[in-house]
>>> print(open('protein.txt').read())   # compact mmCIF, N, CA and C atoms
# COMPACT_ATOMS: atom_id res chain seq x y z
N MET A 124 52.37 45.79 -19.15
CA MET A 124 52.65 47.14 -19.61
C MET A 124 51.33 47.84 -19.89
N GLU A 125 51.14 48.97 -19.25
CA GLU A 125 49.93 49.76 -19.44
C GLU A 125 50.35 51.19 -19.75
N GLY A 126 49.55 51.91 -20.50
CA GLY A 126 49.90 53.29 -20.80
C GLY A 126 48.95 53.91 -21.80
N PHE A 127 49.37 55.07 -22.31
CA PHE A 127 48.59 55.77 -23.32
C PHE A 127 49.51 56.70 -24.10
N SER A 128 49.07 57.10 -25.26
CA SER A 128 49.76 58.13 -26.03
C SER A 128 48.73 59.16 -26.47
N LYS A 129 49.20 60.36 -26.69
CA LYS A 129 48.28 61.43 -27.04
C LYS A 129 48.97 62.45 -27.93
N ILE A 130 48.27 62.89 -28.97
CA ILE A 130 48.73 64.00 -29.78
C ILE A 130 48.31 65.28 -29.06
N LEU A 131 49.27 66.16 -28.85
CA LEU A 131 49.04 67.33 -28.00
C LEU A 131 48.19 68.40 -28.67
N ARG A 132 47.33 69.00 -27.85
CA ARG A 132 46.49 70.13 -28.26
C ARG A 132 46.99 71.38 -27.55
N LYS A 133 46.36 72.50 -27.82
CA LYS A 133 46.81 73.77 -27.24
C LYS A 133 46.86 73.72 -25.72
N THR A 134 45.79 73.29 -25.07
CA THR A 134 45.76 73.25 -23.61
C THR A 134 46.83 72.30 -23.07
N ASP A 135 47.09 71.20 -23.79
CA ASP A 135 48.12 70.25 -23.37
C ASP A 135 49.51 70.87 -23.37
N THR A 136 49.75 71.83 -24.24
CA THR A 136 51.08 72.44 -24.33
C THR A 136 51.23 73.68 -23.45
N LYS A 137 50.14 74.23 -22.98
CA LYS A 137 50.20 75.48 -22.21
C LYS A 137 49.89 75.33 -20.73
N LYS A 138 49.00 74.39 -20.35
CA LYS A 138 48.52 74.34 -18.97
C LYS A 138 48.61 72.97 -18.32
N ARG A 139 47.99 71.98 -18.93
CA ARG A 139 47.86 70.66 -18.31
C ARG A 139 47.62 69.63 -19.40
N LEU A 140 47.88 68.38 -19.07
CA LEU A 140 47.65 67.29 -20.01
C LEU A 140 46.45 66.48 -19.56
N SER A 141 45.42 66.46 -20.37
CA SER A 141 44.27 65.60 -20.09
C SER A 141 44.67 64.17 -20.41
N VAL A 142 44.40 63.26 -19.47
CA VAL A 142 44.77 61.86 -19.68
C VAL A 142 43.51 60.99 -19.67
N PRO A 143 43.57 59.86 -20.36
CA PRO A 143 42.40 58.97 -20.37
C PRO A 143 42.09 58.45 -18.96
N ILE A 144 40.82 58.35 -18.65
CA ILE A 144 40.41 57.90 -17.31
C ILE A 144 40.93 56.48 -17.03
N ARG A 145 41.11 55.67 -18.05
CA ARG A 145 41.61 54.31 -17.85
C ARG A 145 43.04 54.30 -17.31
N PHE A 146 43.79 55.40 -17.50
CA PHE A 146 45.17 55.47 -17.01
C PHE A 146 45.22 55.60 -15.49
N LEU A 147 44.12 56.03 -14.87
CA LEU A 147 44.09 56.18 -13.40
C LEU A 147 44.42 54.86 -12.70
N LYS A 148 43.96 53.75 -13.24
CA LYS A 148 44.22 52.46 -12.58
C LYS A 148 45.69 52.06 -12.69
N SER A 149 46.45 52.71 -13.57
CA SER A 149 47.88 52.43 -13.71
C SER A 149 48.72 53.22 -12.72
N LEU A 150 48.13 54.25 -12.14
CA LEU A 150 48.88 55.12 -11.22
C LEU A 150 48.88 54.57 -9.80
N PRO A 151 49.78 55.08 -8.96
CA PRO A 151 49.71 54.69 -7.55
C PRO A 151 48.33 55.04 -7.00
N PRO A 152 47.88 54.35 -5.97
CA PRO A 152 46.54 54.62 -5.44
C PRO A 152 46.42 56.01 -4.83
N PHE A 153 45.25 56.60 -5.01
CA PHE A 153 44.95 57.89 -4.39
C PHE A 153 44.68 57.64 -2.91
N LYS A 154 45.21 58.47 -2.04
CA LYS A 154 44.94 58.32 -0.61
C LYS A 154 43.50 58.72 -0.33
N LEU A 155 42.91 58.14 0.68
CA LEU A 155 41.51 58.38 1.03
C LEU A 155 41.23 59.88 1.15
N GLY A 156 40.23 60.35 0.42
CA GLY A 156 39.84 61.75 0.47
C GLY A 156 40.68 62.68 -0.39
N ARG A 157 41.71 62.16 -1.05
CA ARG A 157 42.59 62.98 -1.88
C ARG A 157 42.17 62.89 -3.34
N HIS A 158 42.45 63.96 -4.07
CA HIS A 158 42.10 64.01 -5.48
C HIS A 158 43.32 64.21 -6.35
N ALA A 159 44.49 63.90 -5.79
CA ALA A 159 45.74 64.02 -6.54
C ALA A 159 46.71 62.94 -6.08
N VAL A 160 47.55 62.52 -7.01
CA VAL A 160 48.60 61.54 -6.70
C VAL A 160 49.85 61.95 -7.47
N GLU A 161 51.00 61.77 -6.83
CA GLU A 161 52.26 62.11 -7.47
C GLU A 161 52.97 60.84 -7.92
N PHE A 162 53.67 60.93 -9.05
CA PHE A 162 54.47 59.82 -9.54
C PHE A 162 55.62 60.37 -10.36
N GLU A 163 56.63 59.55 -10.55
CA GLU A 163 57.79 59.94 -11.35
C GLU A 163 57.86 59.08 -12.60
N ALA A 164 58.31 59.70 -13.68
CA ALA A 164 58.50 58.99 -14.95
C ALA A 164 59.87 59.35 -15.50
N THR A 165 60.52 58.37 -16.10
CA THR A 165 61.84 58.57 -16.67
C THR A 165 61.72 58.70 -18.18
N ASP A 166 62.42 59.71 -18.75
CA ASP A 166 62.36 59.89 -20.20
C ASP A 166 63.43 59.04 -20.89
N GLU A 167 63.48 59.14 -22.21
CA GLU A 167 64.40 58.32 -23.00
C GLU A 167 65.87 58.64 -22.75
N LYS A 168 66.16 59.78 -22.13
CA LYS A 168 67.54 60.15 -21.81
C LYS A 168 67.92 59.77 -20.37
N GLY A 169 66.97 59.18 -19.65
CA GLY A 169 67.23 58.77 -18.28
C GLY A 169 66.93 59.82 -17.24
N GLU A 170 66.40 60.97 -17.66
CA GLU A 170 66.04 62.03 -16.72
C GLU A 170 64.69 61.70 -16.07
N THR A 171 64.62 61.93 -14.76
CA THR A 171 63.39 61.66 -14.02
C THR A 171 62.56 62.92 -13.90
N TRP A 172 61.26 62.79 -14.16
CA TRP A 172 60.32 63.90 -14.10
C TRP A 172 59.25 63.57 -13.07
N ALA A 173 58.95 64.53 -12.20
CA ALA A 173 57.90 64.37 -11.19
C ALA A 173 56.62 65.01 -11.71
N PHE A 174 55.53 64.24 -11.70
CA PHE A 174 54.23 64.71 -12.17
C PHE A 174 53.20 64.53 -11.07
N GLN A 175 52.14 65.31 -11.18
CA GLN A 175 50.99 65.13 -10.30
C GLN A 175 49.77 64.94 -11.18
N CYS A 176 49.01 63.89 -10.91
CA CYS A 176 47.75 63.65 -11.61
C CYS A 176 46.63 64.00 -10.64
N SER A 177 45.76 64.87 -11.06
CA SER A 177 44.64 65.26 -10.19
C SER A 177 43.32 65.04 -10.93
N THR A 178 42.26 64.91 -10.14
CA THR A 178 40.93 64.69 -10.69
C THR A 178 39.97 65.71 -10.08
N ARG A 179 38.80 65.80 -10.68
CA ARG A 179 37.75 66.66 -10.11
C ARG A 179 37.38 66.15 -8.73
N LYS A 180 36.98 67.08 -7.88
CA LYS A 180 36.60 66.71 -6.51
C LYS A 180 35.19 66.15 -6.44
N SER A 181 34.36 66.48 -7.43
CA SER A 181 32.99 65.99 -7.42
C SER A 181 32.51 65.78 -8.86
N GLY A 182 31.38 65.14 -8.97
CA GLY A 182 30.81 64.89 -10.28
C GLY A 182 31.02 63.45 -10.71
N PRO A 183 30.25 63.02 -11.70
CA PRO A 183 30.31 61.62 -12.12
C PRO A 183 31.57 61.28 -12.93
N TYR A 184 32.17 62.27 -13.58
CA TYR A 184 33.34 62.03 -14.42
C TYR A 184 34.55 62.65 -13.76
N ARG A 185 35.57 61.86 -13.48
CA ARG A 185 36.72 62.33 -12.71
C ARG A 185 37.65 63.25 -13.48
N LYS A 186 37.71 63.16 -14.81
CA LYS A 186 38.52 64.00 -15.69
C LYS A 186 39.95 64.19 -15.18
N PRO A 187 40.78 63.16 -15.28
CA PRO A 187 42.16 63.27 -14.80
C PRO A 187 43.03 64.15 -15.69
N VAL A 188 43.91 64.92 -15.04
CA VAL A 188 44.85 65.77 -15.74
C VAL A 188 46.21 65.74 -15.03
N LEU A 189 47.27 65.89 -15.81
CA LEU A 189 48.59 66.07 -15.23
C LEU A 189 48.83 67.56 -15.09
N THR A 190 49.20 67.98 -13.90
CA THR A 190 49.40 69.40 -13.64
C THR A 190 50.86 69.65 -13.25
N THR A 191 51.16 69.52 -11.99
CA THR A 191 52.50 69.81 -11.49
C THR A 191 53.54 69.01 -12.28
N GLY A 192 54.55 69.71 -12.77
CA GLY A 192 55.62 69.08 -13.52
C GLY A 192 55.40 69.00 -15.01
N TRP A 193 54.15 69.07 -15.43
CA TRP A 193 53.85 68.88 -16.85
C TRP A 193 54.39 70.02 -17.71
N VAL A 194 54.12 71.28 -17.35
CA VAL A 194 54.55 72.42 -18.18
C VAL A 194 56.07 72.47 -18.26
N ALA A 195 56.78 72.15 -17.18
CA ALA A 195 58.24 72.11 -17.21
C ALA A 195 58.73 71.07 -18.21
N PHE A 196 58.07 69.92 -18.27
CA PHE A 196 58.42 68.87 -19.22
C PHE A 196 58.20 69.37 -20.66
N VAL A 197 57.06 70.00 -20.91
CA VAL A 197 56.73 70.53 -22.24
C VAL A 197 57.79 71.53 -22.69
N LYS A 198 58.15 72.45 -21.80
CA LYS A 198 59.14 73.48 -22.14
C LYS A 198 60.52 72.86 -22.38
N SER A 199 60.90 71.92 -21.55
CA SER A 199 62.20 71.28 -21.69
C SER A 199 62.33 70.55 -23.03
N LYS A 200 61.28 69.90 -23.44
CA LYS A 200 61.28 69.12 -24.69
C LYS A 200 60.88 69.97 -25.90
N LYS A 201 60.50 71.24 -25.65
CA LYS A 201 60.05 72.15 -26.72
C LYS A 201 58.89 71.56 -27.51
N LEU A 202 57.93 70.98 -26.77
CA LEU A 202 56.78 70.36 -27.40
C LEU A 202 55.81 71.42 -27.91
N GLN A 203 55.15 71.10 -29.01
CA GLN A 203 54.19 71.99 -29.64
C GLN A 203 52.92 71.23 -29.96
N ILE A 204 51.90 71.98 -30.35
CA ILE A 204 50.65 71.37 -30.79
C ILE A 204 50.97 70.41 -31.93
N GLY A 205 50.41 69.19 -31.86
CA GLY A 205 50.64 68.19 -32.90
C GLY A 205 51.71 67.18 -32.55
N ASP A 206 52.58 67.51 -31.58
CA ASP A 206 53.57 66.53 -31.13
C ASP A 206 52.86 65.47 -30.31
N LYS A 207 53.57 64.40 -30.00
CA LYS A 207 52.96 63.28 -29.30
C LYS A 207 53.72 62.98 -28.01
N VAL A 208 52.98 62.55 -27.00
CA VAL A 208 53.59 62.10 -25.75
C VAL A 208 53.03 60.72 -25.42
N ARG A 209 53.89 59.91 -24.80
CA ARG A 209 53.50 58.54 -24.46
C ARG A 209 53.93 58.26 -23.02
N PHE A 210 53.01 57.75 -22.21
CA PHE A 210 53.30 57.31 -20.85
C PHE A 210 53.08 55.81 -20.79
N VAL A 211 54.03 55.09 -20.18
CA VAL A 211 53.93 53.64 -20.06
C VAL A 211 54.31 53.23 -18.64
N LYS A 212 53.54 52.32 -18.09
CA LYS A 212 53.83 51.75 -16.77
C LYS A 212 54.45 50.38 -16.98
N TYR A 213 55.59 50.16 -16.30
CA TYR A 213 56.27 48.87 -16.37
C TYR A 213 56.26 48.22 -15.00
N ARG A 214 56.10 46.92 -14.99
CA ARG A 214 56.15 46.15 -13.75
C ARG A 214 57.26 45.12 -13.89
N ASN A 215 58.26 45.23 -13.02
CA ASN A 215 59.36 44.27 -13.02
C ASN A 215 58.88 43.01 -12.31
N ARG A 216 58.78 41.93 -13.03
CA ARG A 216 58.24 40.69 -12.44
C ARG A 216 59.15 40.11 -11.38
N ALA A 217 60.45 40.27 -11.55
CA ALA A 217 61.41 39.69 -10.60
C ALA A 217 61.39 40.41 -9.25
N THR A 218 61.28 41.76 -9.31
CA THR A 218 61.35 42.53 -8.06
C THR A 218 60.00 43.11 -7.63
N ALA A 219 59.00 43.00 -8.49
CA ALA A 219 57.66 43.54 -8.24
C ALA A 219 57.64 45.06 -8.14
N THR A 220 58.69 45.72 -8.64
CA THR A 220 58.70 47.18 -8.62
C THR A 220 57.98 47.73 -9.85
N ILE A 221 57.43 48.91 -9.69
CA ILE A 221 56.71 49.58 -10.76
C ILE A 221 57.46 50.84 -11.14
N SER A 222 57.57 51.08 -12.43
CA SER A 222 58.19 52.31 -12.91
C SER A 222 57.38 52.86 -14.07
N TYR A 223 57.58 54.13 -14.34
CA TYR A 223 56.87 54.79 -15.43
C TYR A 223 57.90 55.39 -16.39
N LYS A 224 57.57 55.34 -17.67
CA LYS A 224 58.40 55.95 -18.70
C LYS A 224 57.56 56.99 -19.41
N VAL A 225 58.20 58.08 -19.82
CA VAL A 225 57.53 59.10 -20.61
C VAL A 225 58.38 59.34 -21.85
N ARG A 226 57.72 59.43 -22.99
CA ARG A 226 58.43 59.62 -24.25
C ARG A 226 57.76 60.74 -25.03
N ALA A 227 58.56 61.71 -25.43
CA ALA A 227 58.08 62.82 -26.25
C ALA A 227 58.49 62.57 -27.70
N GLU A 228 57.60 62.86 -28.63
CA GLU A 228 57.87 62.65 -30.04
C GLU A 228 57.45 63.89 -30.83
N LYS A 229 58.33 64.35 -31.71
CA LYS A 229 58.05 65.51 -32.55
C LYS A 229 57.31 65.07 -33.82
N GLU A 230 56.36 65.87 -34.20
CA GLU A 230 55.63 65.61 -35.44
C GLU A 230 56.55 65.88 -36.63
N ILE A 231 56.56 64.97 -37.60
CA ILE A 231 57.36 65.14 -38.81
C ILE A 231 56.41 65.42 -39.96
N ARG A 232 56.63 66.56 -40.61
CA ARG A 232 55.81 66.94 -41.77
C ARG A 232 56.69 67.02 -43.00
N ILE A 233 56.17 66.49 -44.09
CA ILE A 233 56.84 66.61 -45.39
C ILE A 233 55.83 67.20 -46.35
N PHE A 234 56.17 68.36 -46.88
CA PHE A 234 55.27 69.09 -47.78
C PHE A 234 53.90 69.30 -47.15
N GLY A 235 53.90 69.59 -45.84
CA GLY A 235 52.67 69.90 -45.12
C GLY A 235 51.85 68.70 -44.69
N VAL A 236 52.31 67.50 -44.99
CA VAL A 236 51.59 66.28 -44.64
C VAL A 236 52.31 65.60 -43.47
N ILE A 237 51.54 65.17 -42.47
CA ILE A 237 52.14 64.48 -41.33
C ILE A 237 52.67 63.14 -41.82
N PHE A 238 53.98 62.97 -41.67
CA PHE A 238 54.65 61.76 -42.13
C PHE A 238 54.81 60.75 -41.00
N GLY A 239 54.90 61.25 -39.78
CA GLY A 239 55.07 60.38 -38.62
C GLY A 239 55.60 61.17 -37.44
N TYR A 240 56.20 60.47 -36.49
CA TYR A 240 56.71 61.08 -35.27
C TYR A 240 58.10 60.54 -34.98
N ALA A 241 58.98 61.41 -34.48
CA ALA A 241 60.34 61.01 -34.14
C ALA A 241 60.60 61.29 -32.67
N PRO A 242 61.24 60.34 -31.97
CA PRO A 242 61.55 60.57 -30.56
C PRO A 242 62.47 61.77 -30.39
N ILE A 243 62.28 62.48 -29.30
CA ILE A 243 63.13 63.65 -29.00
C ILE A 243 64.30 63.18 -28.18
>>> encode(input="protein.txt", output="structure tokens")
Amino acid sequence: MEGFSKILRKTDTKKRLSVPIRFLKSLPPFKLGRHAVEFEATDEKGETWAFQCSTRKSGPYRKPVLTTGWVAFVKSKKLQIGDKVRFVKYRNRATATISYKVRAEKEIRIFGVIFGYAPI
């Protein structure tokens, strides 16, 4: 199981989600000469979401971001700054298939203090 979680910032909720560079090795391979790869992730309700992860075309740091599909996911889940998202890659040992899960979590505040996160 490989993945990451992130507390959302303004750009993450409005345009694109910056993802850790280590998550690139969890994604399907990029085709030769391409700087984007598409994958699907299933949420906790069983809905499938199509995302595109793209990187810079040049430079020493690839800076991966989720673009296509990301804003639709944010709007559907009504995510805001401070909420959390989690992506996890699963490998079925019996069938050797790979799947991705995405989980959105709302920030819980009590008297202005972050108490934790609850799944949406």
>>> atom_distance(input="protein.txt", atom1="CA of Lys138 (chain A)", atom2="CA of Phe174 (chain A)")
13.1 Å
>>> atom_distance(input="protein.txt", atom1="CA of Ile204 (chain A)", atom2="CA of Phe146 (chain A)")
21.7 Å
>>> atom_distance(input="protein.txt", atom1="atom C of Ser222 (chain A)", atom2="atom N of Ala164 (chain A)")
6.9 Å
>>> residues_around(input="protein.txt", residues="Lys137 (chain A)", least_positions_apart="6", cutoff="8 Å", atoms="only N, CA and C atoms", output="MDAnalysis selection string")
chainID A and resid 193:194 197 204
>>> residues_around(input="protein.txt", residues="Gly192 (chain A)", least_positions_apart="3", cutoff="5 Å", atoms="only N, CA and C atoms", output="list in words")
Ala173, Phe174, Ala195 and Phe196 of chain A
>>> residues_around(input="protein.txt", residues="Tyr213 (chain A)", least_positions_apart="2", cutoff="5 Å", atoms="all atoms listed in the file", output="list in words")
Val211, Asn215, Ile221, Ser222 and Tyr223 of chain A
>>> closest_residue(input="protein.txt", among="A:Lys229, A:Ser199, A:Lys224, A:Phe153", to="Lys212 (chain A)", atoms="only N, CA and C atoms")
A:Lys224
>>> axis_aligned_box(input="protein.txt", around="region 200-212 of chain A", padding_each_side="3 Å", output="AutoDock Vina command-line options")
--center_x 55.8 --center_y 61.3 --center_z -24.8 --size_x 16.9 --size_y 27.8 --size_z 22.1
>>> select_by_dssp(input="protein.txt", residues="chain A", states="helix (DSSP H, G or I)", output="ChimeraX atom specification")
/A:133-137,144-149,193-200
>>> select_by_dssp(input="protein.txt", residues="chain A", states="strand (DSSP E or B)", output="number ranges by chain")
A: 125-130, 140-141, 159-165, 171-177, 188-189, 207-214, 221-233, 236-242
>>> write_last_selection(input="protein.txt", atoms="N, CA and C atoms", output="compact mmCIF listing (two decimals), keeping the file's coordinate frame")
# COMPACT_ATOMS: atom_id res chain seq x y z
N GLU A 125 51.14 48.97 -19.25
CA GLU A 125 49.93 49.76 -19.44
C GLU A 125 50.35 51.19 -19.75
N GLY A 126 49.55 51.91 -20.50
CA GLY A 126 49.90 53.29 -20.80
C GLY A 126 48.95 53.91 -21.80
N PHE A 127 49.37 55.07 -22.31
CA PHE A 127 48.59 55.77 -23.32
C PHE A 127 49.51 56.70 -24.10
N SER A 128 49.07 57.10 -25.26
CA SER A 128 49.76 58.13 -26.03
C SER A 128 48.73 59.16 -26.47
N LYS A 129 49.20 60.36 -26.69
CA LYS A 129 48.28 61.43 -27.04
C LYS A 129 48.97 62.45 -27.93
N ILE A 130 48.27 62.89 -28.97
CA ILE A 130 48.73 64.00 -29.78
C ILE A 130 48.31 65.28 -29.06
N LEU A 140 47.88 68.38 -19.07
CA LEU A 140 47.65 67.29 -20.01
C LEU A 140 46.45 66.48 -19.56
N SER A 141 45.42 66.46 -20.37
CA SER A 141 44.27 65.60 -20.09
C SER A 141 44.67 64.17 -20.41
N ALA A 159 44.49 63.90 -5.79
CA ALA A 159 45.74 64.02 -6.54
C ALA A 159 46.71 62.94 -6.08
N VAL A 160 47.55 62.52 -7.01
CA VAL A 160 48.60 61.54 -6.70
C VAL A 160 49.85 61.95 -7.47
N GLU A 161 51.00 61.77 -6.83
CA GLU A 161 52.26 62.11 -7.47
C GLU A 161 52.97 60.84 -7.92
N PHE A 162 53.67 60.93 -9.05
CA PHE A 162 54.47 59.82 -9.54
C PHE A 162 55.62 60.37 -10.36
N GLU A 163 56.63 59.55 -10.55
CA GLU A 163 57.79 59.94 -11.35
C GLU A 163 57.86 59.08 -12.60
N ALA A 164 58.31 59.70 -13.68
CA ALA A 164 58.50 58.99 -14.95
C ALA A 164 59.87 59.35 -15.50
N THR A 165 60.52 58.37 -16.10
CA THR A 165 61.84 58.57 -16.67
C THR A 165 61.72 58.70 -18.18
N THR A 171 64.62 61.93 -14.76
CA THR A 171 63.39 61.66 -14.02
C THR A 171 62.56 62.92 -13.90
N TRP A 172 61.26 62.79 -14.16
CA TRP A 172 60.32 63.90 -14.10
C TRP A 172 59.25 63.57 -13.07
N ALA A 173 58.95 64.53 -12.20
CA ALA A 173 57.90 64.37 -11.19
C ALA A 173 56.62 65.01 -11.71
N PHE A 174 55.53 64.24 -11.70
CA PHE A 174 54.23 64.71 -12.17
C PHE A 174 53.20 64.53 -11.07
N GLN A 175 52.14 65.31 -11.18
CA GLN A 175 50.99 65.13 -10.30
C GLN A 175 49.77 64.94 -11.18
N CYS A 176 49.01 63.89 -10.91
CA CYS A 176 47.75 63.65 -11.61
C CYS A 176 46.63 64.00 -10.64
N SER A 177 45.76 64.87 -11.06
CA SER A 177 44.64 65.26 -10.19
C SER A 177 43.32 65.04 -10.93
N VAL A 188 43.91 64.92 -15.04
CA VAL A 188 44.85 65.77 -15.74
C VAL A 188 46.21 65.74 -15.03
N LEU A 189 47.27 65.89 -15.81
CA LEU A 189 48.59 66.07 -15.23
C LEU A 189 48.83 67.56 -15.09
N LYS A 207 53.57 64.40 -30.00
CA LYS A 207 52.96 63.28 -29.30
C LYS A 207 53.72 62.98 -28.01
N VAL A 208 52.98 62.55 -27.00
CA VAL A 208 53.59 62.10 -25.75
C VAL A 208 53.03 60.72 -25.42
N ARG A 209 53.89 59.91 -24.80
CA ARG A 209 53.50 58.54 -24.46
C ARG A 209 53.93 58.26 -23.02
N PHE A 210 53.01 57.75 -22.21
CA PHE A 210 53.30 57.31 -20.85
C PHE A 210 53.08 55.81 -20.79
N VAL A 211 54.03 55.09 -20.18
CA VAL A 211 53.93 53.64 -20.06
C VAL A 211 54.31 53.23 -18.64
N LYS A 212 53.54 52.32 -18.09
CA LYS A 212 53.83 51.75 -16.77
C LYS A 212 54.45 50.38 -16.98
N TYR A 213 55.59 50.16 -16.30
CA TYR A 213 56.27 48.87 -16.37
C TYR A 213 56.26 48.22 -15.00
N ARG A 214 56.10 46.92 -14.99
CA ARG A 214 56.15 46.15 -13.75
C ARG A 214 57.26 45.12 -13.89
N ILE A 221 57.43 48.91 -9.69
CA ILE A 221 56.71 49.58 -10.76
C ILE A 221 57.46 50.84 -11.14
N SER A 222 57.57 51.08 -12.43
CA SER A 222 58.19 52.31 -12.91
C SER A 222 57.38 52.86 -14.07
N TYR A 223 57.58 54.13 -14.34
CA TYR A 223 56.87 54.79 -15.43
C TYR A 223 57.90 55.39 -16.39
N LYS A 224 57.57 55.34 -17.67
CA LYS A 224 58.40 55.95 -18.70
C LYS A 224 57.56 56.99 -19.41
N VAL A 225 58.20 58.08 -19.82
CA VAL A 225 57.53 59.10 -20.61
C VAL A 225 58.38 59.34 -21.85
N ARG A 226 57.72 59.43 -22.99
CA ARG A 226 58.43 59.62 -24.25
C ARG A 226 57.76 60.74 -25.03
N ALA A 227 58.56 61.71 -25.43
CA ALA A 227 58.08 62.82 -26.25
C ALA A 227 58.49 62.57 -27.70
N GLU A 228 57.60 62.86 -28.63
CA GLU A 228 57.87 62.65 -30.04
C GLU A 228 57.45 63.89 -30.83
N LYS A 229 58.33 64.35 -31.71
CA LYS A 229 58.05 65.51 -32.55
C LYS A 229 57.31 65.07 -33.82
N GLU A 230 56.36 65.87 -34.20
CA GLU A 230 55.63 65.61 -35.44
C GLU A 230 56.55 65.88 -36.63
N ILE A 231 56.56 64.97 -37.60
CA ILE A 231 57.36 65.14 -38.81
C ILE A 231 56.41 65.42 -39.96
N ARG A 232 56.63 66.56 -40.61
CA ARG A 232 55.81 66.94 -41.77
C ARG A 232 56.69 67.02 -43.00
N ILE A 233 56.17 66.49 -44.09
CA ILE A 233 56.84 66.61 -45.39
C ILE A 233 55.83 67.20 -46.35
N VAL A 236 52.31 67.50 -44.99
CA VAL A 236 51.59 66.28 -44.64
C VAL A 236 52.31 65.60 -43.47
N ILE A 237 51.54 65.17 -42.47
CA ILE A 237 52.14 64.48 -41.33
C ILE A 237 52.67 63.14 -41.82
N PHE A 238 53.98 62.97 -41.67
CA PHE A 238 54.65 61.76 -42.13
C PHE A 238 54.81 60.75 -41.00
N GLY A 239 54.90 61.25 -39.78
CA GLY A 239 55.07 60.38 -38.62
C GLY A 239 55.60 61.17 -37.44
N TYR A 240 56.20 60.47 -36.49
CA TYR A 240 56.71 61.08 -35.27
C TYR A 240 58.10 60.54 -34.98
N ALA A 241 58.98 61.41 -34.48
CA ALA A 241 60.34 61.01 -34.14
C ALA A 241 60.60 61.29 -32.67
N PRO A 242 61.24 60.34 -31.97
CA PRO A 242 61.55 60.57 -30.56
C PRO A 242 62.47 61.77 -30.39
>>> closest_residue(input="protein.txt", among="A:Ser128, A:Lys154, A:Val225, A:Gly235", to="Gly169 (chain A)", atoms="only C-alpha atoms")
A:Val225
>>> closest_residue(input="protein.txt", among="A:Ile130, A:Leu155, A:Glu125, A:Ser181", to="Glu230 (chain A)", atoms="only C-alpha atoms")
A:Ile130
>>> closest_residue(input="protein.txt", among="A:Ile243, A:Trp172, A:Asp135, A:Gln203", to="Thr191 (chain A)", atoms="only N, CA and C atoms")
A:Trp172
>>> closest_residue(input="protein.txt", among="A:Thr190, A:Gly126, A:Ala219, A:Arg132", to="Ser149 (chain A)", atoms="all atoms listed in the file")
A:Gly126
>>> decode(input="protein.txt", residues="region 169-201 of chain A", atoms="C-alpha atoms", output="short mmCIF file (atom, residue, chain, number, x, y, z; two decimals), in the first residue's frame")
data_model
loop_
_atom_site.label_atom_id
_atom_site.label_comp_id
_atom_site.auth_asym_id
_atom_site.auth_seq_id
_atom_site.Cartn_x
_atom_site.Cartn_y
_atom_site.Cartn_z
CA GLY A 169 -17.77 3.52 -4.62
CA GLU A 170 -17.82 6.34 -7.19
CA THR A 171 -14.96 6.29 -9.69
CA TRP A 172 -13.07 9.51 -10.42
CA ALA A 173 -10.74 10.03 -13.39
CA PHE A 174 -7.65 12.14 -12.68
CA GLN A 175 -4.66 13.27 -14.67
CA CYS A 176 -1.27 13.74 -13.04
CA SER A 177 1.08 15.97 -14.99
CA THR A 178 4.63 17.18 -14.44
CA ARG A 179 6.79 20.01 -15.71
CA LYS A 180 8.22 19.42 -19.16
CA SER A 181 11.70 20.58 -18.16
CA GLY A 182 13.80 21.42 -15.16
CA PRO A 183 15.36 19.38 -12.38
CA TYR A 184 12.18 19.18 -10.26
CA ARG A 185 9.18 17.51 -11.88
CA LYS A 186 6.54 19.11 -9.55
CA PRO A 187 3.62 16.71 -10.06
CA VAL A 188 0.06 18.03 -9.90
CA LEU A 189 -3.40 16.57 -10.38
CA THR A 190 -5.30 18.61 -12.94
CA THR A 191 -8.04 17.01 -15.02
CA GLY A 192 -10.81 15.71 -12.78
CA TRP A 193 -9.49 17.30 -9.62
CA VAL A 194 -11.69 20.44 -9.49
CA ALA A 195 -14.82 18.36 -10.20
CA PHE A 196 -13.90 16.12 -7.24
CA VAL A 197 -13.37 19.16 -4.97
CA LYS A 198 -16.73 20.67 -5.95
CA SER A 199 -18.58 17.38 -5.58
CA LYS A 200 -17.21 16.83 -2.07
CA LYS A 201 -17.53 20.55 -1.17
#
